[in-house]
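The data block below is model_34.cif; it holds mmCIF, C-alpha atoms.
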data_query
loop_
_atom_site.label_atom_id
_atom_site.label_comp_id
_atom_site.auth_asym_id
_atom_site.auth_seq_id
_atom_site.Cartn_x
_atom_site.Cartn_y
_atom_site.Cartn_z
CA MET A 248 53.09 -25.04 -31.83
CA LYS A 249 55.15 -21.84 -32.12
CA LYS A 250 53.85 -21.44 -35.67
CA VAL A 251 50.23 -21.72 -34.48
CA LEU A 252 50.76 -19.25 -31.60
CA PHE A 253 52.38 -16.76 -33.95
CA LEU A 254 49.55 -17.03 -36.46
CA LEU A 255 46.96 -16.79 -33.66
CA SER A 256 48.42 -13.43 -32.57
CA PHE A 257 48.64 -12.31 -36.20
CA ILE A 258 45.00 -13.20 -36.89
CA SER A 259 43.82 -11.46 -33.66
CA LEU A 260 45.53 -8.23 -34.69
CA GLY A 261 44.26 -8.55 -38.24
CA LEU A 262 40.70 -8.88 -37.01
CA PHE A 263 40.66 -5.30 -35.74
CA ALA A 264 42.19 -3.93 -38.93
CA TYR A 265 40.43 -5.84 -41.70
CA GLY A 266 37.49 -7.77 -40.24
CA GLN A 267 36.53 -11.45 -40.38
CA ASP A 268 36.22 -11.73 -44.18
CA SER A 269 39.82 -10.59 -44.76
CA ASN A 270 41.15 -13.07 -42.19
CA ASP A 271 39.25 -15.94 -43.79
CA ALA A 272 40.83 -15.10 -47.14
CA LEU A 273 44.30 -14.98 -45.54
CA LEU A 274 43.80 -18.37 -43.89
CA LYS A 275 42.69 -19.86 -47.22
CA LYS A 276 45.92 -18.66 -48.90
CA LEU A 277 48.05 -20.09 -46.09
CA VAL A 278 46.38 -23.49 -46.50
CA GLU A 279 46.94 -23.39 -50.28
CA LYS A 280 50.66 -22.68 -49.71
CA ASN A 281 50.83 -25.57 -47.19
CA VAL A 282 51.96 -23.17 -44.45
CA ILE A 283 49.20 -24.45 -42.11
CA THR A 284 46.77 -27.35 -42.24
CA GLN A 285 43.01 -26.98 -42.82
CA ALA A 286 42.32 -28.05 -39.20
CA GLU A 287 44.59 -25.29 -37.92
CA ALA A 288 42.88 -22.77 -40.19
CA ASP A 289 39.42 -23.80 -38.92
CA SER A 290 40.58 -23.42 -35.31
CA LEU A 291 42.01 -19.96 -35.96
CA SER A 292 38.89 -18.87 -37.84
CA LEU A 293 36.63 -19.93 -34.94
CA PHE A 294 38.82 -18.03 -32.44
CA ALA A 295 38.73 -14.89 -34.58
CA SER A 296 34.95 -15.12 -34.94
CA GLU A 297 34.47 -15.36 -31.16
CA GLU A 298 36.83 -12.43 -30.61
CA LYS A 299 34.87 -10.31 -33.04
CA LYS A 300 31.58 -11.25 -31.40
CA SER A 301 32.78 -10.30 -27.91
CA ASN A 302 34.14 -6.96 -29.10
CA LEU A 303 30.97 -6.08 -31.01
CA SER A 304 28.74 -6.82 -27.99
CA PRO A 305 30.19 -4.90 -25.04
CA LYS A 306 28.28 -4.91 -21.79
CA ASN A 307 26.09 -1.97 -20.95
CA THR A 308 28.05 0.62 -18.93
CA LEU A 309 25.43 0.61 -16.17
CA GLU A 310 25.64 -3.18 -15.91
CA LYS A 311 29.45 -2.98 -15.62
CA ILE A 312 29.15 -0.46 -12.78
CA LYS A 313 26.59 -2.65 -10.98
CA GLU A 314 28.86 -5.69 -11.28
CA THR A 315 31.73 -3.68 -9.78
CA VAL A 316 29.84 -2.50 -6.69
CA THR A 317 27.41 -5.40 -6.24
CA SER A 318 27.85 -8.66 -4.37
CA PRO A 319 25.46 -11.03 -2.55
CA ALA A 320 26.23 -9.10 0.66
CA LEU A 321 25.73 -5.63 -0.84
CA GLN A 322 23.35 -4.72 -3.67
CA LEU A 323 22.79 -1.11 -4.70
CA GLY A 324 19.63 0.05 -6.40
CA GLY A 325 16.73 2.45 -6.29
CA TYR A 326 14.58 4.66 -8.45
CA SER A 327 13.67 8.28 -9.12
CA LEU A 328 10.30 9.79 -10.03
CA PHE A 329 9.90 13.21 -11.67
CA MET A 330 6.28 14.40 -11.81
CA TYR A 331 4.31 17.11 -13.61
CA LYS A 332 0.78 17.82 -12.38
CA TYR A 333 -2.13 19.93 -13.59
CA SER A 334 -5.15 20.36 -11.29
CA ASP A 335 -8.12 22.64 -11.86
CA LEU A 336 -8.85 22.49 -8.10
CA GLU A 337 -5.53 23.91 -6.88
CA ASN A 338 -4.59 27.58 -6.65
CA VAL A 339 -1.33 26.77 -8.44
CA LYS A 340 -2.66 24.70 -11.31
CA HIS A 341 0.63 23.66 -12.93
CA SER A 342 3.54 22.21 -10.96
CA ALA A 343 6.57 20.00 -11.52
CA GLU A 344 8.85 18.42 -8.94
CA PRO A 345 11.31 15.60 -8.27
CA ARG A 346 8.82 13.47 -6.39
CA VAL A 347 11.25 10.94 -4.87
CA VAL A 348 14.87 9.89 -5.28
CA PHE A 349 15.09 6.49 -3.61
CA LEU A 350 18.31 4.61 -2.87
CA SER A 351 18.25 1.03 -1.64
CA LEU A 352 20.94 -1.06 0.05
CA LYS A 353 20.22 -4.72 0.53
CA GLY A 354 21.95 -8.04 0.61
CA GLU A 355 22.42 -11.48 2.14
CA PRO A 356 25.70 -11.38 4.10
CA ILE A 357 25.15 -14.87 5.50
CA LYS A 358 22.88 -17.66 4.33
CA ASN A 359 19.19 -17.11 5.12
CA PHE A 360 19.74 -13.65 6.62
CA LYS A 361 18.82 -10.60 4.54
CA TYR A 362 18.68 -6.87 5.21
CA CYS A 363 17.29 -3.78 3.47
CA VAL A 364 17.69 -0.02 3.87
CA PHE A 365 15.46 2.13 1.67
CA ALA A 366 15.77 5.93 1.83
CA ASP A 367 14.49 8.96 -0.07
CA LEU A 368 17.32 11.39 -0.80
CA ALA A 369 14.94 14.09 -2.04
CA HIS A 370 13.29 14.42 1.38
CA ALA A 371 15.99 12.95 3.66
CA THR A 372 13.68 10.19 4.93
CA ILE A 373 14.30 6.52 5.68
CA TYR A 374 11.30 4.49 4.54
CA GLU A 375 12.45 0.96 5.25
CA PHE A 376 15.13 -0.66 7.37
CA TYR A 377 14.79 -4.26 8.40
CA GLY A 378 16.48 -7.61 8.74
CA GLU A 379 14.85 -10.92 7.99
CA TRP A 380 15.51 -14.58 8.56
CA THR A 381 14.42 -16.65 5.55
CA PRO A 382 15.00 -20.35 6.25
CA SER A 383 12.28 -21.53 3.84
CA ALA A 384 9.48 -20.39 1.56
CA ALA A 385 6.97 -21.53 4.19
CA PHE A 386 8.32 -19.58 7.18
CA ASN A 387 10.19 -16.25 7.34
CA VAL A 388 10.60 -13.58 10.02
CA ARG A 389 11.05 -9.84 9.33
CA LEU A 390 11.94 -7.30 12.02
CA GLY A 391 12.11 -3.52 11.48
CA GLN A 392 10.32 -0.83 9.51
CA ALA A 393 8.49 -2.00 6.40
CA LYS A 394 5.07 -2.10 4.75
CA THR A 395 2.23 -3.44 6.86
CA PRO A 396 0.85 -6.70 5.39
CA LEU A 397 -2.57 -5.47 4.33
CA SER A 398 -3.91 -4.72 0.80
CA ILE A 399 -2.40 -6.08 -2.42
CA GLU A 400 -1.80 -2.57 -3.75
CA ASN A 401 -0.01 -1.46 -0.59
CA GLN A 402 2.58 -4.23 -1.09
CA LEU A 403 3.46 -2.92 -4.57
CA SER A 404 6.33 -0.52 -5.21
CA LEU A 405 5.53 2.84 -6.80
CA THR A 406 7.46 1.48 -9.79
CA ALA A 407 5.00 -1.41 -10.12
CA ILE A 408 1.54 0.10 -9.56
CA GLU A 409 -0.32 0.90 -12.76
CA GLY A 410 -0.95 4.60 -12.02
CA VAL A 411 1.23 7.45 -10.86
CA LEU A 412 -0.48 7.74 -7.46
CA ASN A 413 -1.93 5.19 -5.07
CA THR A 414 -5.66 4.65 -5.21
CA ARG A 415 -7.48 7.22 -3.04
CA SER A 416 -9.24 4.65 -0.80
CA ILE A 417 -5.93 2.83 -0.24
CA SER A 418 -4.25 6.11 0.67
CA ALA A 419 -7.04 6.98 3.12
CA LEU A 420 -7.24 3.63 4.89
CA MET A 421 -3.80 1.98 4.59
CA GLY A 422 -1.61 4.42 6.54
CA MET A 423 -0.82 7.07 3.96
CA LYS A 424 -1.39 10.83 4.01
CA ASP A 425 -5.21 10.68 4.05
CA ASP A 426 -5.25 8.19 6.96
CA VAL A 427 -5.81 9.27 10.57
CA MET A 428 -2.25 8.08 11.27
CA TYR A 429 -1.18 11.34 9.60
CA LEU A 430 -2.81 13.28 12.46
CA GLN A 431 -0.35 11.81 14.99
CA ASP A 432 2.76 13.63 13.74
CA LYS A 433 1.80 15.14 10.34
CA ILE A 434 3.91 12.54 8.51
CA SER A 435 2.61 10.24 5.79
CA SER A 436 3.60 6.71 6.79
CA ALA A 437 3.39 5.49 3.18
CA GLY A 438 1.71 2.27 4.32
CA ARG A 439 4.64 1.41 6.62
CA ASP A 440 5.21 0.87 10.33
CA ILE A 441 7.76 -0.54 12.78
CA GLY A 442 7.21 -4.09 13.97
CA VAL A 443 7.75 -7.79 13.42
CA LYS A 444 5.96 -10.21 11.14
CA ILE A 445 6.09 -13.83 10.05
CA TYR A 446 5.16 -14.72 6.49
CA GLY A 447 5.42 -17.43 3.90
CA GLU A 448 3.77 -19.55 1.20
CA LEU A 449 2.29 -22.99 1.80
CA ILE A 450 0.91 -26.01 -0.08
CA LYS A 451 2.99 -26.06 -3.24
CA THR A 452 1.42 -27.40 -6.45
CA LYS A 453 3.10 -28.13 -9.77
CA THR A 454 2.72 -24.52 -10.94
CA HIS A 455 2.35 -22.32 -7.85
CA ASN A 456 1.86 -22.04 -4.09
CA LEU A 457 -1.74 -22.37 -2.96
CA LEU A 458 -1.63 -20.18 0.17
CA GLY A 459 0.25 -17.04 1.21
CA TYR A 460 0.07 -15.60 4.73
CA ASP A 461 1.36 -12.59 6.75
CA ILE A 462 0.95 -12.08 10.52
CA GLY A 463 2.49 -9.14 12.38
CA LEU A 464 2.65 -6.92 15.47
CA TYR A 465 3.26 -3.17 14.95
CA GLN A 466 3.66 0.00 17.01
CA GLY A 467 0.85 1.78 15.20
CA THR A 468 2.74 5.09 15.04
CA GLY A 469 3.95 4.87 11.46
CA LEU A 470 7.13 6.03 9.79
CA ASN A 471 10.25 6.76 11.89
CA THR A 472 8.19 7.32 15.05
CA LYS A 473 8.60 5.62 18.42
CA ASP A 474 5.60 4.14 20.19
CA ASN A 475 3.34 6.53 22.10
CA ASN A 476 1.27 4.06 24.13
CA ASN A 477 1.52 0.62 25.74
CA THR A 478 -0.53 -1.26 23.17
CA LYS A 479 0.60 -2.96 19.96
CA ASP A 480 -1.36 -3.24 16.71
CA PHE A 481 -2.12 -6.63 15.14
CA ALA A 482 -2.29 -7.32 11.39
CA ALA A 483 -2.99 -10.52 9.49
CA ASN A 484 -3.64 -11.28 5.83
CA VAL A 485 -4.23 -14.49 3.85
CA LEU A 486 -4.37 -14.95 0.06
CA LEU A 487 -5.48 -18.16 -1.63
CA GLN A 488 -4.39 -18.96 -5.19
CA PRO A 489 -6.71 -21.76 -6.37
CA ILE A 490 -5.46 -21.41 -9.96
CA LYS A 491 -2.21 -19.88 -11.15
CA GLY A 492 -2.51 -16.11 -11.50
CA PHE A 493 -5.77 -15.76 -9.53
CA ARG A 494 -5.61 -14.76 -5.86
CA ILE A 495 -8.44 -14.14 -3.44
CA GLY A 496 -8.48 -13.49 0.31
CA GLY A 497 -8.46 -10.85 2.96
CA GLY A 498 -7.26 -9.70 6.31
CA ALA A 499 -7.74 -7.51 9.35
CA TYR A 500 -5.93 -4.86 11.35
CA PHE A 501 -6.71 -4.03 14.99
CA GLY A 502 -4.98 -1.10 16.67
CA GLN A 503 -5.02 2.47 17.91
CA ALA A 504 -3.94 5.91 16.75
CA THR A 505 -3.26 8.88 19.03
CA TYR A 506 -4.57 12.23 17.78
CA LEU A 507 -6.94 15.13 18.46
CA LYS A 508 -10.33 13.97 17.27
CA PRO A 509 -12.80 16.71 16.17
CA GLY A 510 -14.88 17.67 19.18
CA ASP A 511 -12.30 16.47 21.72
CA LEU A 512 -10.44 18.85 24.04
CA GLU A 513 -7.16 16.92 24.14
CA VAL A 514 -5.15 14.29 22.28
CA SER A 515 -6.16 10.72 23.13
CA ASP A 516 -6.03 7.15 21.81
CA HIS A 517 -8.67 6.11 19.30
CA VAL A 518 -9.54 2.78 17.76
CA ARG A 519 -8.08 2.26 14.28
CA ASN A 520 -9.40 -1.01 12.82
CA ARG A 521 -9.48 -2.31 9.24
CA TRP A 522 -11.06 -5.27 7.43
CA ILE A 523 -10.17 -5.95 3.82
CA PHE A 524 -11.19 -8.22 0.96
CA SER A 525 -8.66 -8.48 -1.89
CA SER A 526 -8.48 -10.25 -5.21
CA ASP A 527 -6.38 -10.00 -8.35
CA TYR A 528 -5.95 -11.89 -11.60
CA LYS A 529 -3.02 -11.96 -14.00
CA PHE A 530 -3.11 -13.80 -17.31
CA ASP A 531 -0.75 -13.21 -20.21
CA GLN A 532 -1.01 -9.46 -21.01
CA PHE A 533 -4.03 -8.74 -18.78
CA TYR A 534 -4.14 -7.80 -15.08
CA ALA A 535 -7.10 -6.87 -12.85
CA ARG A 536 -7.44 -6.08 -9.13
CA LEU A 537 -10.34 -5.49 -6.73
CA GLU A 538 -10.18 -4.39 -3.08
CA TRP A 539 -12.93 -3.60 -0.57
CA ILE A 540 -11.97 -2.01 2.76
CA ILE A 541 -14.01 -1.25 5.88
CA GLY A 542 -12.56 0.99 8.59
CA ASN A 543 -13.37 2.19 12.08
CA ASP A 544 -11.53 5.31 13.27
CA GLY A 545 -12.63 6.26 16.77
CA GLY A 546 -16.21 5.18 16.11
CA ILE A 547 -16.39 6.78 12.66
CA LYS A 548 -17.22 4.04 10.12
CA LYS A 549 -15.43 4.27 6.77
CA GLU A 550 -15.46 2.33 3.53
CA GLY A 551 -13.45 2.06 0.33
CA LEU A 552 -13.98 0.04 -2.84
CA ASN A 553 -11.73 0.12 -5.90
CA GLY A 554 -11.32 -1.88 -9.10
CA MET A 555 -8.72 -1.72 -11.85
CA GLY A 556 -8.05 -3.40 -15.21
CA MET A 557 -4.87 -3.13 -17.30
CA TYR A 558 -3.87 -4.56 -20.69
CA TYR A 559 -0.48 -4.68 -22.46
CA PHE A 560 -0.94 -3.83 -26.14
CA VAL A 561 2.80 -4.39 -26.63
CA PRO A 562 4.24 -6.91 -24.13
CA SER A 563 6.65 -5.31 -21.63
CA LYS A 564 6.47 -2.01 -23.56
CA PHE A 565 3.06 -0.34 -23.67
CA ASN A 566 -0.09 -0.74 -21.58
CA SER A 567 -3.27 1.12 -20.74
CA PHE A 568 -5.48 0.92 -17.65
CA ALA A 569 -8.76 2.17 -16.20
CA LYS A 570 -9.62 2.43 -12.51
CA VAL A 571 -12.75 3.27 -10.48
CA ASP A 572 -12.53 4.17 -6.80
CA TYR A 573 -15.16 4.84 -4.12
CA LEU A 574 -14.31 6.32 -0.71
CA ASN A 575 -16.66 7.18 2.15
CA GLN A 576 -14.88 8.91 5.06
CA ASP A 577 -17.98 8.90 7.29
CA LYS A 578 -20.81 6.51 6.49
CA SER A 579 -23.17 8.22 8.94
CA THR A 580 -23.15 11.41 6.85
CA ASN A 581 -22.13 9.97 3.44
CA ASN A 582 -18.96 12.05 3.25
CA GLU A 583 -17.97 10.36 0.00
CA LEU A 584 -16.35 10.64 -3.41
CA MET A 585 -16.07 8.74 -6.69
CA GLU A 586 -12.83 8.83 -8.64
CA TYR A 587 -12.25 7.71 -12.24
CA THR A 588 -8.73 7.30 -13.63
CA VAL A 589 -7.40 6.29 -17.04
CA GLY A 590 -3.76 6.13 -18.02
CA VAL A 591 -1.01 4.77 -20.24
CA ASN A 592 2.50 3.52 -19.48
CA TYR A 593 5.37 3.33 -21.98
CA TYR A 594 8.46 1.37 -20.93
CA PHE A 595 11.44 2.71 -22.87
CA TYR A 596 14.01 0.56 -21.03
CA LYS A 597 13.22 -2.43 -18.80
CA THR A 598 11.39 -0.94 -15.75
CA CYS A 599 11.98 2.69 -16.77
CA ARG A 600 8.79 4.29 -18.08
CA LEU A 601 6.82 7.38 -19.05
CA GLN A 602 3.35 7.65 -17.47
CA LEU A 603 0.31 9.75 -18.29
CA ASN A 604 -2.81 9.74 -16.07
CA TYR A 605 -6.13 11.59 -16.12
CA THR A 606 -8.38 11.57 -13.03
CA HIS A 607 -11.89 12.97 -12.59
CA THR A 608 -13.26 13.17 -9.04
CA ASP A 609 -16.93 13.61 -8.05
CA TYR A 610 -17.28 14.88 -4.47
CA SER A 611 -20.46 14.70 -2.39
CA LYS A 612 -21.90 17.93 -0.97
CA LYS A 613 -20.84 16.83 2.51
CA TRP A 614 -17.20 16.63 1.37
CA GLY A 615 -17.15 20.38 0.76
CA ALA A 616 -15.16 20.43 -2.49
CA ARG A 617 -16.12 20.93 -6.11
CA ASP A 618 -15.51 18.22 -8.71
CA SER A 619 -11.97 18.18 -10.06
CA ASN A 620 -9.89 17.18 -13.07
CA VAL A 621 -6.23 16.25 -12.71
CA VAL A 622 -3.62 15.37 -15.34
CA ILE A 623 -0.30 13.86 -14.21
CA ALA A 624 2.76 12.94 -16.24
CA GLN A 625 5.71 11.14 -14.68
CA LEU A 626 9.18 9.98 -15.65
CA GLN A 627 10.34 6.84 -13.82
CA ILE A 628 14.01 5.86 -13.79
CA VAL A 629 15.00 2.60 -12.06
CA TYR A 630 18.66 1.91 -11.35
#
As structure tokens, what does this structure read like?
Amino acid sequence: MKKVLFLLSFISLGLFAYGQDSNDALLKKLVEKNVITQAEADSLSLFASEEKKSNLSPKNTLEKIKETVTSPALQLGGYSLFMYKYSDLENVKHSAEPRVVFLSLKGEPIKNFKYCVFADLAHATIYEFYGEWTPSAAFNVRLGQAKTPLSIENQLSLTAIEGVLNTRSISALMGMKDDVMYLQDKISSAGRDIGVKIYGELIKTKTHNLLGYDIGLYQGTGLNTKDNNNTKDFAANVLLQPIKGFRIGGGAYFGQATYLKPGDLEVSDHVRNRWIFSSDYKFDQFYARLEWIIGNDGGIKKEGLNGMGMYYFVPSKFNSFAKVDYLNQDKSTNNELMEYTVGVNYYFYKTCRLQLNYTHTDYSKKWGARDSNVVIAQLQIVY
């Protein structure tokens, strides 16, 4: 045994100096001289081979850091977006900026209880903070600030949507900067609000769940803003998946927003209702999505319709997409636009990518803006 241990140490040291081929030759000589048996030589050779393999394949430095600071109770992550934009409609046509620097803290400190804190360091803003009880796939409860459960696109992270920016009709009707919610405190709510919701997936088949649902109550004041009236907003959404990869459904939102409506003398509460039809389809390297939204903001009827198709020419590496979007901000006067976007995405490492988008917008005369052309390039780093 001492002889084997001595030779094991000798072979391990020799591996670094001469490589596997030299050690195999040395073992062969030792067998020929009857110093060790063939079985002992085979064992030592296998050990040396495994040692070499482990030393030639070190873990990625970033993965080592994550393992050091990550546990089920505390998981660090986030992403950063750096954007360049050219617009022939703006006074300053060329601009570049660090768009967001998000940091996320989440975990499951005890079984079936999870939490998440999601903040933008670039603008010192907390976007999400919530806790949730997740006893089963069929029934879960989330309490805090998070995305409202309406629109497939609104549920997607900026790192997952096909284009650099959200679709214009989604932005205008799902609680982002173009929505009337912005008029309450001049803050884009990024499709988020404070409230409570129950959600889950039902009727499991061999390949997928047939039904997904979300039902929630929200303040209706948006991001980081306390309630300003005694009513709560209601949201509900249902998606059926009759075949794997194909979802179809819709939902509704009934609430109020408090702002100064054009023609009014003072700030007051106004109806803010939404009805939405959503569908998407994912198969192999192809993905498509369609959403139709109808809105009522203080008696002003609005409508949005958008469709998108994307195809991966190189799986997980390179894709291209095209998107068409229609938005009517006042159906009584046809205050509308049509927007056409094409783009490519190149993933150079996992979910890190380079994006290039071109958008042409046709505005109606009522809108009061000339047609525009915008080119956007973006670097996305996920950590």
Can you list every residue of range 402-503 of chain A that has an atom at most 12 Å from range 554-565 of chain A, with its nearest atom pair and the distance in Å to one decimal, using only C-alpha atoms, ordered by chain then number, as CSV?
residue,atom,partner,partner_atom,distance
A:Ile408,CA,A:Met557,CA,10.6
A:Glu409,CA,A:Met557,CA,7.6
A:Gly410,CA,A:Met555,CA,10.0
A:Asn413,CA,A:Met555,CA,11.8
A:Thr414,CA,A:Gly554,CA,9.5
A:Arg415,CA,A:Gly554,CA,11.6
A:Ser416,CA,A:Gly554,CA,10.8
A:Ile417,CA,A:Gly554,CA,11.4
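Interatomic distance, CA of Phe386 in chain A against CA of Pro319 in chain A: 21.5 Å.
Reported to one decimal place, the separation of CA of Phe501 in chain A from CA of Asn520 in chain A is 4.6 Å.
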Taking all listed atoms of range 621-627 of chain A, build the axis-aligned box, pad each of the six sides by 3 Å, then write its centre and edge lengths in Å to one decimal as lines of an AutoDock Vina configuration file.
center_x = 2.1
center_y = 11.5
center_z = -14.5
size_x = 22.6
size_y = 15.4
size_z = 9.5
Which residues of range 393-475 of chain A come within 12 Å of range 335-353 of chain A, and for each one, what is the closest pair of atoms and their distance in Å to one decimal, counting only C-alpha atoms, sorted by chain and residue number, as a tab-separated table?
residue	atom	partner	partner_atom	distance
A:Ser404	CA	A:Phe349	CA	11.3
A:Leu405	CA	A:Val347	CA	10.1
A:Thr406	CA	A:Phe349	CA	11.0
A:Val411	CA	A:Arg346	CA	10.7
A:Leu412	CA	A:Arg346	CA	11.0
List the residues matched by the PyMOL selection byres ((chain A and resi 597) around 10) in the displayed structure as a ChimeraX atom specification, ordered by chain and then by residue number.
-> /A:563-564,594-596,598-600,628-629
Atoms to include: C-alpha atoms. Write the selected residues as a compact mmCIF listing (two decimals), in the coordinates of the input.
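Heads up, here's the output in part_33.txt:
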# COMPACT_ATOMS: atom_id res chain seq x y z
CA SER A 563 6.65 -5.31 -21.63
CA LYS A 564 6.47 -2.01 -23.56
CA TYR A 594 8.46 1.37 -20.93
CA PHE A 595 11.44 2.71 -22.87
CA TYR A 596 14.01 0.56 -21.03
CA THR A 598 11.39 -0.94 -15.75
CA CYS A 599 11.98 2.69 -16.77
CA ARG A 600 8.79 4.29 -18.08
CA ILE A 628 14.01 5.86 -13.79
CA VAL A 629 15.00 2.60 -12.06
What separation in Å, quoted to one decimal, exists between CA of Asn484 in chain A and CA of Glu400 in chain A?
->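 So the answer is 13.1 Å.
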Looking at only C-alpha atoms, which of A:Gln466, A:Asn543, A:Ser327, A:Asn582 is the one that sits closest to Val443 in chain A?
->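 So, comparing all the options, the nearest one is A:Gln466.
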Neighbour residues at most 12 Å from (2.5, -5.7, -2.2) (all atoms listed in the file) as an MDAnalysis selection string = chainID A and resid 393:408 438:439 461 484 486 525 527
Which residues of range 436-478 of chain A come within 12 Å of range 511-518 of chain A, and what is each one's closest atom pair and distance in Å (one decimal), counting only C-alpha atoms, sorted by chain and residue number, as CSV?
residue,atom,partner,partner_atom,distance
A:Gly467,CA,A:Val518,CA,10.7
A:Thr468,CA,A:Asp516,CA,11.3
A:Asn475,CA,A:Asp516,CA,9.4
A:Asn476,CA,A:Asp516,CA,8.3
A:Asn477,CA,A:Asp516,CA,10.7
A:Thr478,CA,A:Asp516,CA,10.1
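Of the listed residues (A:Met428, A:Lys473, A:Leu420, A:Thr284), A:Leu420 comes nearest to Leu552 in chain A; the distances count all atoms listed in the file.
Evaluated on this file, the PyMOL selection byres ((chain A and resi 494) around 6) matches A:Leu487, A:Gln488, A:Phe493, A:Ile495, A:Ser526, A:Asp527.
Closest approach to Ala320 in chain A among A:Leu449, A:Ile357, A:Val591, A:Leu430 is made by A:Ile357 (distances from all atoms listed in the file).
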Which polymer residues have any atom within 7 Å of an atom of Lys529 in chain A, counting all atoms listed in the file, with same-chain residues fewer than 5 positions away left out, as an MDAnalysis selection string?
-> chainID A and resid 492:493 534:535
Can I get the selected residues back with C-alpha atoms, as a short mmCIF file (atom, residue, chain, number, x, y, z; two decimals), in the frame of the given file?
data_model
loop_
_atom_site.label_atom_id
_atom_site.label_comp_id
_atom_site.auth_asym_id
_atom_site.auth_seq_id
_atom_site.Cartn_x
_atom_site.Cartn_y
_atom_site.Cartn_z
CA GLY A 492 -2.51 -16.11 -11.50
CA PHE A 493 -5.77 -15.76 -9.53
CA TYR A 534 -4.14 -7.80 -15.08
CA ALA A 535 -7.10 -6.87 -12.85
#
